[in-house]
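Colleague: Quick one: the structure is below, and I'll ask about it shortly.
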Amino acid sequence: MNKVLSLVFVQFLFFGLTVSAQTISPIIVECGKKCRGEFSIINNGLTPLAVTVEARSFSLDTLGHAINRSLDPGVDLRLEEGSARISPRGTHTFAYQLKCSAPPCSIALLSSMVVGHTAEGILVRIQLAHTVYACEKQKDCRKQVRAVAGLAVN
Amino acid sequence: MLRVCLCVLLLGVPASAQVLQLSAGRSTLLGGTGGEVTAFFPESTLSASAGFANGHFVFGASDTFKFHDLDITAGDRNFGYSFDGAGLGISTRGLFVQRDTQHTELGVFVGSTGIGYATPFMVTAKAQHVGAGFFLQRHFDNGLLLSSLAVIEGGKQTALQGLSYQGHLLHLAGSGGLLQNRKYFTGEADFQPLRSLFLAVTHNDYFLADHLTTNSLSAFAALGRVTLQASVLDGQYNTTKTTGASAGSSLRIGPITVRSNVYESNHRILLVHVVQERFRHWNFSEIVNEMHGQTSYAFGGGYHGNKISVNLDHSVLFFPVGGKGFQQTTSVQVSLRIHDTALNFQTNVDPTMHVTYTAYASSYVQGPLAGLVMNDHSHSTGGKFVIAGAVVDERGQPVEGAAIQLRGGAVVYSDSQGKFFARVKHDKPSALLVLLREFAAPGRWAVTACPVKAVPGTEVLIKLRREIAPRSQDERKNFAGRVLWY
């Protein structure tokens with residue numbers, strides 16, 4: 001019985017703070033002028049997670065940094081869902097259809113989620129991006145977009 | 001009696017935990033019935049399992065926590081490591097220490113080893129022998145990987161060493177040593193001169209009761225929608241030599257993939273043709289096998305969604321026991337997610353043609369200190385019509401993270417522009433409800449204006465007012481508690 005009590009005591013001894021990461025997959029996709037796609041958010045935490053998805057067009061500067069803006073007029077994006085509640089250790093898949101009338105189109109689907117607060121009560125929100133490159137042809141679409149921005153392929 | 005007391009005490013501790021995971025199930029395939037409670041504390045995880053396996057009461061418990069840079073587990077745990085195709089997995093009861101850094105992975109255990117019973121709903125171990133083990137893996141910047149595994153348990157010794165190199169085009173790996181008192185050696189070389197071409201050579205030596213040697217040479221090429229593969233294998237056990245070869249190709253057009261493979265071994269030829277159709281939610285497969293002039297068919301299909309996954313497979317299997325020969329079998333797998341609870345059911349047919357099943361459920365329960373807790377609500381699963389709107393504060397600024405419930409239970413959240421939308425199946429007005437307690441946005445809010453109903457195709461505007469401080473004594477107490485544990 002002493003062993004049991006020792007185990008319970010050790011349990012309380014190592015009380016602290018939990019940190020858990022969220023995951024998005026895939027990060028980058030390439031497609032033609034019309035495409036259907038999906039991405040998944042995995043809630044690796046132990047509490048439910050509210051996720052909102054926003055779409056942005058973006059361009060790359062010479063350093064490879066993305067400059068986000070509202071969706072370009074030539075982009076017709078249909079998101080099946082704009083938000084979701086993901087259960088603990090659960091996965092949610094967001095589906096979309098994209099039509100790009102003036103390729104190439106570079107779109108970032110930004111998933112925002114509140115993952116907690118700091119000890120001072122400051123809200124901690126993270127944003128994970130699913131990036132879609134749409135061109136006339138799927139092959140080497142990202143390479144083309146990066147080349148236009150004067151960047152190397154990788 | 002001690003075991004019962006241990007159960008009661010360990011299950012008593014999780015009652016105050018942040019989050020509990022409860023699992024329970026029954027499996028006629030694995031021969032067990034039982035359950036597991038896992039309590040997630042901020043920096044430790046306490047787990048207790050109990051049940052019956054093959055007619056005997058079994059029990060297991062473990063406590064995993066961090067101590068400086070070390071992950072320590074006291075109790076039952078599987079000690080399993082492998083590299084270059086060799087490895088060992090044993091059930092242990094004792095103390096397990098693991099340390100992972102950018103370049104090094106280290107695992108050490110001392111305690112007892114024995115028969116383990118691991119299912120998705122119960123993990124137990126039975127101590128039989130005294131044992132100890134050690135695993136070290138070190139990555140070097142030049143692409144070298146050094147691995148070492150040493151285990152002593154129940155009079156069996158394992159001492160494996162491995163070295164591999166990962167270059168731009170070339171991967172080389174070799175390992176050898178003692179694997180549970182048996183000598184062992186394996187070597188592998190992979191060469192990828194082009195992005196679309198892959199070549200591999202392997203050699204294995206196992207010193208079992210007699211010497212077993214296997215060699216293989218394989219090639220794979222991807223040419224756009226077409227893939228080609230071929231391999232030759234030979235093996236020798238004692239004086240018996242076996243050779244084999246396979247070749248195949250596949251063609252992918254949109255969601256449809258057609259694949260044909262031919263396998264030849266000891267002058268016997270097997271042809272396998274597979275057609276697969278993959279859509280966003282649905283997938284189907286049809287398989288035709290031809291061997292000795294006999295043709296057999298198999299097919300399967302499934303649906304995969306956020307809430308439910310179903311798979312059905314029908315095939316013809318050969319049952320050697322009882323002279324049953326080829327028999328048609330069907331297996332079903334269903335996974336269902338209801339709020340925070342996952343339900344799983346799977347049937348299998350064993351070689352004696354008995355239908356066995358595994359069924360289990362797993363759920364999460366949020367404790368009083370769990371922090372951001374949202375109630376259970378289902379979510380819209382799509383539709384033809386759209387209900388959209390915006391949420392703003394008293395100054396007209398967008399409010400992000402506001403939770404809005406539509407008639408039927410669907411809950412949506414506003415984005416950084418304060419906008420939200422939900423797809424509905426019917427072109428009918430839907431009642432709106434603002435769920436103030438479900439907000440992902442910080443602070444306290446009050447609704448100043450909200451339409452009673454929303455009509456698909458029109459945009460609704462919801463106005464909120466932010467309240468600065470909690471009003472009542474109870475609210476202040478709860479508020480302080482939540483901030484502390486966020």
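Chain labels follow the order of the structure tokens: the first chain is A, the next B, and so on; residue numbering restarts at 1 in every chain, and ligands are counted from 1 in their shown order.
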Where does DSSP see helix (DSSP H, G or I) in segment 9-153 of chain A, if you list the residues as a list in words?

Modeller: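 Secondary structure check on segment 9-153 of chain A, helix (DSSP H, G or I): Phe9, Val10, Gln11, Phe12, Leu13, Cys141, Arg142, Lys143, Gln144, Val145, Arg146, Ala147 and Val148 of chain A.
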
Colleague: Counting only C-alpha atoms, what is within 12 Å of Ala152 of chain A, bar same-chain residues fewer than 3 positions away, as a ChimeraX atom specification?

Modeller: /A:60,62-64,142-149

Colleague: Write out as a list in words each polymer residue whose atoms come within 7 Å of Ala431 of chain B, counting only C-alpha atoms; drop sequence neighbours fewer than 2 positions from it.

Modeller: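 The filter keeps Leu406, Arg407, Pro429, Leu433, Val452, Lys453 and Ala454 of chain B.
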
Colleague: Only N, CA and C atoms, please: the residues just picked out, written as a compact mmCIF listing (two decimals), in the first residue's frame.

Modeller:
# COMPACT_ATOMS: atom_id res chain seq x y z
N LEU B 406 -27.13 27.99 -35.22
CA LEU B 406 -28.28 28.01 -36.11
C LEU B 406 -29.27 26.93 -35.69
N ARG B 407 -30.48 27.06 -36.15
CA ARG B 407 -31.48 26.05 -35.81
C ARG B 407 -30.99 24.67 -36.30
N PRO B 429 -35.96 30.18 -43.49
CA PRO B 429 -35.36 31.00 -42.43
C PRO B 429 -34.92 30.12 -41.26
N LEU B 433 -28.94 32.06 -32.63
CA LEU B 433 -28.69 32.17 -31.20
C LEU B 433 -27.22 32.50 -31.00
N VAL B 452 -33.90 37.63 -35.05
CA VAL B 452 -34.40 36.35 -34.53
C VAL B 452 -34.12 35.23 -35.53
N LYS B 453 -34.28 35.55 -36.81
CA LYS B 453 -34.09 34.54 -37.83
C LYS B 453 -33.18 35.05 -38.95
N ALA B 454 -32.52 34.13 -39.60
CA ALA B 454 -31.69 34.49 -40.75
C ALA B 454 -32.21 33.76 -41.98

Colleague: Excluding segment 157-168 of chain B and residues on its chain fewer than 2 positions from it, collect all residues at most 6 Å away from it, counting only C-alpha atoms, and give them as a PyMOL selection string.

Modeller: chain B and resi 143-152+170-181

Colleague: Compile the contact shell of Gly37 of chain A as a PyMOL selection string: residues with an atom at most 12 Å away, counting only C-alpha atoms, same-chain residues fewer than 3 positions apart removed.

Modeller: (chain A and resi 25-32+34+40+77-80+93-99+109+130-134) or (chain B and resi 279-281)

Colleague: Excluding Leu123 of chain A and its own-chain neighbours fewer than 4 positions away, which residues fall within 9 Å of it when counting only C-alpha atoms? Please give them as an MDAnalysis selection string.

Modeller: (chainID A and resid 114:118) or (chainID B and resid 441:442)

Colleague: DSSP on the backbone: which residues in segment 190-331 of chain B end up as strand (DSSP E or B)? Give the answer as a ChimeraX atom specification.

Modeller: /B:190-194,197-207,211-223,226-237,240-253,256-265,268-278,282-291,294-304,308-319,325-331

Colleague: What lies within 9 Å of Val460 of chain B using only C-alpha atoms, ignoring chain neighbours under 2 positions off, as a PDB file with C-alpha atoms, in the first residue's frame?

Modeller:
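Final output, part_36.pdb:
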ATOM      1  CA  ILE B 387     -26.559  31.822 -44.255  1.00  0.00           C
ATOM      2  CA  ALA B 388     -23.974  34.546 -43.754  1.00  0.00           C
ATOM      3  CA  GLY B 389     -23.487  37.430 -41.415  1.00  0.00           C
ATOM      4  CA  ALA B 390     -21.163  39.678 -39.500  1.00  0.00           C
ATOM      5  CA  VAL B 391     -20.518  40.304 -35.820  1.00  0.00           C
ATOM      6  CA  CYS B 450     -29.489  40.170 -33.177  1.00  0.00           C
ATOM      7  CA  PRO B 451     -32.181  39.193 -35.673  1.00  0.00           C
ATOM      8  CA  LYS B 453     -34.094  34.538 -37.834  1.00  0.00           C
ATOM      9  CA  ALA B 454     -31.686  34.489 -40.746  1.00  0.00           C
ATOM     10  CA  VAL B 455     -32.793  33.925 -44.329  1.00  0.00           C
ATOM     11  CA  THR B 458     -29.158  37.570 -47.060  1.00  0.00           C
ATOM     12  CA  ILE B 462     -25.152  40.923 -34.907  1.00  0.00           C
TER      13      ILE B 462
END
